[in-house]
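Comments concern the structure below.
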Amino acid sequence: MGTDWLPSLWLDTFEEMLDDDQELDYGDVWNLNFNYSQTDEVTKEERKRGWKVYSHCAYGKFRCGSCSRTWPSARVVVLFRYRLRSGRGTVIMRPFGQACRRCQDDEFDLPGFSEKEVEEALLKLFAKIRKNCYGEEEDYDDDCSVGSEKVWTKPHEKSLCEACIQGICCQDD
C-alpha cells in the first residue's frame with residue numbers, strides 16, 4: 001500500500017467495477033469526480049435534486065509533505081456524494097486528510113490506499129447506490145463484511161484529523 005493519494009486508482013477501480021463486474025448494471029452511465037472541499041451537508045435544494053451522501057471509514061497510509069514521515073490510520077474518512085438523474089449517475093468523492101504529529105503545521109496530507117481498500121469502499125458505495133437510486137434491498141452488511149479486518153493503529157488524534165475537525169469522523173463507529 002502506498003502513501004500517496006492516487007485519484008487514478010479510484011477512477012480505474014470505479015470503471016473496472018462498473019464495466020467488468022457490472023456492479024450497477026441498469027444501463028445508466030456513472031462518473032466519478034473529486035471535490036476536495038465538499039462536506040457531508042446536503043441542503044434542502046440539493047436533496048430535491050436527488051443528492052445523497054455516504055461517508056466511509058477506511059484504512060489508509062499518510063506521508064507528510066514536509067518531513068516525509070509516514071503513518072497508518074484505520075480512521076480515514078472518504079466522503080461520497082451521489083445522485084442519478086436522467087440516466088446519468090454522478091459520484092463526487094472527497095478523501096479527508098490528517099496532519100503530521102511531528103510538524104504540526106496544520107497541513108492536511110491526503111491518504112494512500114491499497115487496491116483492496118478501494119474496492120471495499122466502492123462495493124459499499126455501490127450497495128448504497130443500488131438501494132437509494134434503484135430501490136434494491138441493501139445486501140451489504142456494514143458491520144462484518146467478509147474480507148475486511150479491523151486494523152488497530154495508535155489512538156486516533158482528533159486534533160490532527162481533518163474529518164474530526166469538521167465533525168464527520170468515523171472515530172465513534
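Chains: A, B, ... in order of the C-alpha cells. Residues: from 1 per chain. Ligands: from 1, in order shown.
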Mind listing the helix (DSSP H, G or I) residues of chain A, per DSSP on the backbone, as a PyMOL selection string? chain A and resi 7-19+44-48+115-134+158-160+162-165
Distance query A:Asp105 at most 10 Å, only C-alpha atoms, self and fewer than 5 positions along chain excluded, as a VMD selection string: chain A and resid 66 99 to 100 160
Would you return as a list in words the members of stretch 78-159 of chain A that DSSP assigns to strand (DSSP E) on this structure's backbone? Val78, Leu79, Phe80, Arg81, Tyr82, Arg83, Leu84, Arg85, Arg88, Gly89, Thr90, Val91, Ile92, Met93, Arg94, Pro95, Gln98, Ala99, Phe108 and Asp109 of chain A
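You can rank A:Val118, A:Leu110, A:Met93, A:Val77 by their closest distance to A:Ile165 using only C-alpha atoms, and at the top of that list sits A:Val77.
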Who sits within 8 Å of A:Asp40, only C-alpha atoms, same chain under 6 positions skipped, as a PyMOL selection string: chain A and resi 53+55+79+81+168
Using only C-alpha atoms, the residue out of A:Gln104, A:Gln98, A:Ser37, A:Thr43 with shortest distance to A:Cys164 is A:Gln98
Residues at most 9 Å from A:Arg49, counting only C-alpha atoms, excluding those fewer than 3 positions away in the same chain, as a ChimeraX atom specification? /A:44-46,83,85
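You can rank A:Val29, A:Val42, A:Cys170, A:Ala58 by their closest distance to A:Lys116 using only C-alpha atoms, and at the top of that list sits A:Ala58.
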Contacts of stretch 155-159 of chain A within 12 Å, only C-alpha atoms, excl. fewer than 2 positions in-chain, as a PyMOL selection string: chain A and resi 71-76+97-101+104-108+151-153+161-172
